[in-house]
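S.K.: What follows is a structure written as structure tokens; I'll ask about it next.
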Amino acid sequence: MGRITLDKVSKRFGDVEVIPPLDLTIEDGDFTVFVGPSGCGKSTLLRLIAGLEDTSGGQIRIDSQDATHVPPAKRGLAMVFQSYALYPHMSVRKNIAFPMKMAGVSEDEQNRRIDAAAKALNLTDYLDRRPGQLSGGQRQRVAIGRAIVREPAAFLFDEPLSNLDAALRVGMRLEISELHKRLRTTMIYVTHDQVEAMTMADKIVVLRAGHIEQVGSPLELYRAPRNTFVAGFIGSPKMNLIDGPEAARHGAHTIGIRPEHIDVVEENGTWQGTVGVAEHLGSDTFFHIHNTGLAETLTVRALGEVTLSHGDAIHLSPRAELIHKFDAQGLRIE
Amino acid sequence: MATQSSRSAARLMMAPAVILLLGWMLVPLVMTLLFSFKKYLPLRGGDLGWVGFENYVRFVTSSAFWPSVSATLIIVGGVLIITVGLGVLLAILLNQPMWGQGIVRILVISPFFVMPTVSALVWKNMFMDPVNGLFAHIWKFFGAAPIEWLSQASMQSIILIVSWQWLPFATLILLTAIQSLDREQLEAAEMDGAAPLQRFGYVTLPHLGRAITVVVLIQTIFLLGIFAEIFVTTQGSFGTRTLTYLIYQRVLESQNVGLGSAGGVYAIILANIIAIFLMRMVGKNLDQ
């Protein structure tokens, strides 16, 4: 069981308020991702839940029990750190056994759980090695193994993939998602990478400067971003946000249109411009369009291989029903 | 990487330094070996010719030999235990964020800048003097009879003085090691349910293993040869005559260069035996 409730939780370091009072409920079994730019307080929030930082106010409840002042080890949470934080002088087996040893689990039970975790994480052949002799991905798996054997109420991941190279990151992303589907345990995952957030999460919490900007499923955030920050943060490439007279024409202060919702047309498009840089990915092509009469450079996604090159004229039509409108405060207008 | 010619040029250019260092080491060693086989009494007839192994036999069979070896080992061992033990504690303490950290760190290091002779004199006259010393005053304040430190607790006193001198060195090395400890490892151990003492035992201490080995190794090399502290305080009496001090007495007080040289060769052998044990230990710790 792992239902985590934050009730007006706040955190200040001296005079600096890193997290203003904040409410959030994480349902049992959910894969929740905290995402936001660096310095938005997402790691601090995770550390507050873990108990590695003390709250400055409010209450943290785990399964309706007040855990605000419970020491980290007693909260029944397991954490996977960005640096993996493996004990370098212990073998993989001893690393995984460590939390059980501290909890006084019997030797037989320890071995049973280690073998099960090693099998699940493909670590069986490496149990007698030391962390220094393992690759980044293997170390990551050992760190996850050390978390699994505690059979925690919830897993906390603090940017676990940011030290891996791109190919491994995609692999580990799948493995962690797979693990969540298998264990059905609550997981909280912190990242600054919106692709990780979109691909893994049941629920995304977008944070900025300690404030929760929006909470919702990946597609909810994609379809209906509550403000311009979320609109610009979720989705890749970024949504085009357009101010000025063009927005006023739609009765808004700012309008947003995703690159994949602009069609390249032969003629009579809403906007005309010239092609700047074109990024060919094979499946898609991203064009950066200049000289449209708008202040902003537009990004457009075209399917497949489009043979337009630098300096060519282009006609564009946004799909009217997919234009997002925002008011002067940046909030969504329905 | 290097070509044939650049390698031979490198050898040529290193040669002066290598030859100088080799000479620096070899000349005294060879002279010591030579003298150890001679009866050489500078004030009583000078060089009296070869005597074979007589000096070696006399040095070992002298009643002062084994006590001096044990005194040496006790001082080295005692100082190592105190400096490493207190050094680890001090390093942990100094690693905590606190007000005036920079100044405190410099103060902790400062004993290392005091010359051994000076520090021994200060300890002898200002702290351990049974009449005017600070310790005597403290003892008298509490109504106790002052201890005559250098005669009643001579060994402890010397270990205390030398430890005071070497504690900064141990602290400094261990502090830099502790600063390189990943904070996330301690946090991981905390989340895994390790109590503060267990975190120290399972994470901090193993992390310091390598630094402790370095401290033990370097200190042993220097501590085997301590001399000034003994010369200034007890002059080798009250059981504080180390091997180094015994050699000094044989050569300069008895004016018997041959006998002292034989003692010097024994000192080299002792140092090597200790070095072999240390290198085994170090090898294990540094290979990780």
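To be explicit about the labels: the chains of the structure tokens are called A, B, and onward in the order shown, and within each one the residues are counted from 1, while ligands get numbers from 1 in the order they are shown.
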Only residues of chain B matter here; which ones have an atom within 7 Å of chain A, counting only C-alpha atoms? Give them as a PyMOL selection string.

M.R.: chain B and resi 184-185+188+190-194+203+206

S.K.: Among stretch 113-263 of chain A, which ones does DSSP place in helix (DSSP H, G or I), written as a ChimeraX atom specification?

M.R.: /A:113-120,124-126,131-133,136-148,166-183,194-200,218-223,228-233,245-249,259-261

S.K.: Write out as a PyMOL selection string which residues come within 12 Å of stretch 136-151 of chain B when counting only C-alpha atoms, dropping same-chain ones fewer than 5 positions away.

M.R.: chain B and resi 120-121+123-131+156-161+229-230+232-240

S.K.: If we count only C-alpha atoms, what is near A:Glu246 at a cut-off of 12 Å, once residues fewer than 2 positions away on the same chain are taken out, given as an NGL selection string?

M.R.: :A and (241-244 or 248-256 or 270-271 or 292-296 or 323 or 325)

S.K.: Taking 4 positions as the minimum chain separation for residues in the same chain, which residues sit within 7 Å of A:Cys40 when counting only C-alpha atoms? Answer as a count of residues only.

M.R.: 5

S.K.: Find the spatial neighbours of stretch 103-115 of chain B, counting only C-alpha atoms, within a cut-off of 8 Å - ignore same-chain residues fewer than 4 positions away - and output them as a list of chain:residue names.

M.R.: B:Leu94, B:Ser119, B:Trp164, B:Gln165, B:Trp166, B:Pro168, B:Phe169, B:Leu172

S.K.: Within 9 Å of A:Arg258, counting only C-alpha atoms, which residues qualify if same-chain residues fewer than 2 places away don't, as a list in words?

M.R.: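 That gives Ala231, Gly235, Ser236, Pro237, Lys238, Met239, Asn240, Leu241, Gly256, Glu260, His261, Ile262, Thr299, Val300, Arg301, Pro318, Leu322, Ile323 and His324 of chain A.
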
S.K.: Output N, CA and C atoms of each residue in that selection to a file, as a CSV table (one decimal), in the first residue's frame.

M.R.:
chain,number,residue,atom,x,y,z
A,231,ALA,N,2.1,24.5,-21.4
A,231,ALA,CA,2.0,24.3,-22.9
A,231,ALA,C,3.4,24.3,-23.5
A,235,GLY,N,5.6,18.4,-24.5
A,235,GLY,CA,5.5,18.2,-26.0
A,235,GLY,C,6.8,18.5,-26.6
A,236,SER,N,7.2,17.7,-27.6
A,236,SER,CA,8.5,18.0,-28.2
A,236,SER,C,8.3,17.8,-29.7
A,237,PRO,N,8.7,18.8,-30.6
A,237,PRO,CA,9.3,20.1,-30.2
A,237,PRO,C,8.3,20.9,-29.5
A,238,LYS,N,8.7,22.0,-28.9
A,238,LYS,CA,7.9,22.9,-28.1
A,238,LYS,C,6.7,23.5,-28.9
A,239,MET,N,5.6,23.7,-28.2
A,239,MET,CA,4.4,24.4,-28.8
A,239,MET,C,4.8,25.8,-29.3
A,240,ASN,N,4.3,26.2,-30.4
A,240,ASN,CA,4.5,27.6,-30.9
A,240,ASN,C,3.6,28.5,-30.1
A,241,LEU,N,4.1,29.5,-29.4
A,241,LEU,CA,3.3,30.4,-28.6
A,241,LEU,C,3.4,31.8,-29.3
A,256,GLY,N,-1.5,29.2,-28.8
A,256,GLY,CA,-0.5,28.2,-28.9
A,256,GLY,C,-0.9,27.2,-29.9
A,260,GLU,N,2.9,19.8,-34.7
A,260,GLU,CA,2.3,18.7,-35.4
A,260,GLU,C,0.9,19.1,-35.8
A,261,HIS,N,0.4,20.2,-35.4
A,261,HIS,CA,-1.0,20.6,-35.7
A,261,HIS,C,-1.0,21.7,-36.7
A,262,ILE,N,0.1,21.9,-37.4
A,262,ILE,CA,0.2,22.9,-38.5
A,262,ILE,C,0.4,22.1,-39.8
A,299,THR,N,7.7,26.6,-35.5
A,299,THR,CA,8.2,25.3,-35.7
A,299,THR,C,7.1,24.4,-36.3
A,300,VAL,N,7.4,23.7,-37.3
A,300,VAL,CA,6.3,22.9,-38.0
A,300,VAL,C,6.8,21.5,-38.2
A,301,ARG,N,5.9,20.5,-37.9
A,301,ARG,CA,6.3,19.1,-38.1
A,301,ARG,C,5.6,18.7,-39.4
A,318,PRO,N,-2.8,26.3,-39.7
A,318,PRO,CA,-3.0,25.6,-38.4
A,318,PRO,C,-4.4,25.1,-38.4
A,322,LEU,N,-7.5,23.0,-32.9
A,322,LEU,CA,-6.4,22.6,-32.0
A,322,LEU,C,-5.6,23.8,-31.5
A,323,ILE,N,-6.1,25.0,-31.8
A,323,ILE,CA,-5.4,26.2,-31.3
A,323,ILE,C,-5.7,26.4,-29.8
A,324,HIS,N,-4.7,26.5,-29.0
A,324,HIS,CA,-4.9,26.8,-27.5
A,324,HIS,C,-4.9,28.3,-27.3

S.K.: Ranking A:Arg173, A:Ile114, A:Ala166, A:Tyr126 by minimum distance to A:Gly145 and counting only C-alpha atoms, which one comes first?

M.R.: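 Using only C-alpha atoms, A:Gly145 sits closest to A:Ile114.
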
S.K.: Can you tell me how far atom CA of A:Val9 sits from atom CA of A:Ile62, in Å to one decimal?

M.R.: 13.4 Å

S.K.: Could you check the closest approach to B:Thr171 for each of B:Pro97, B:Gly87, B:Pro116, B:Pro28 and tell me which residue wins, using only C-alpha atoms?

M.R.: B:Gly87
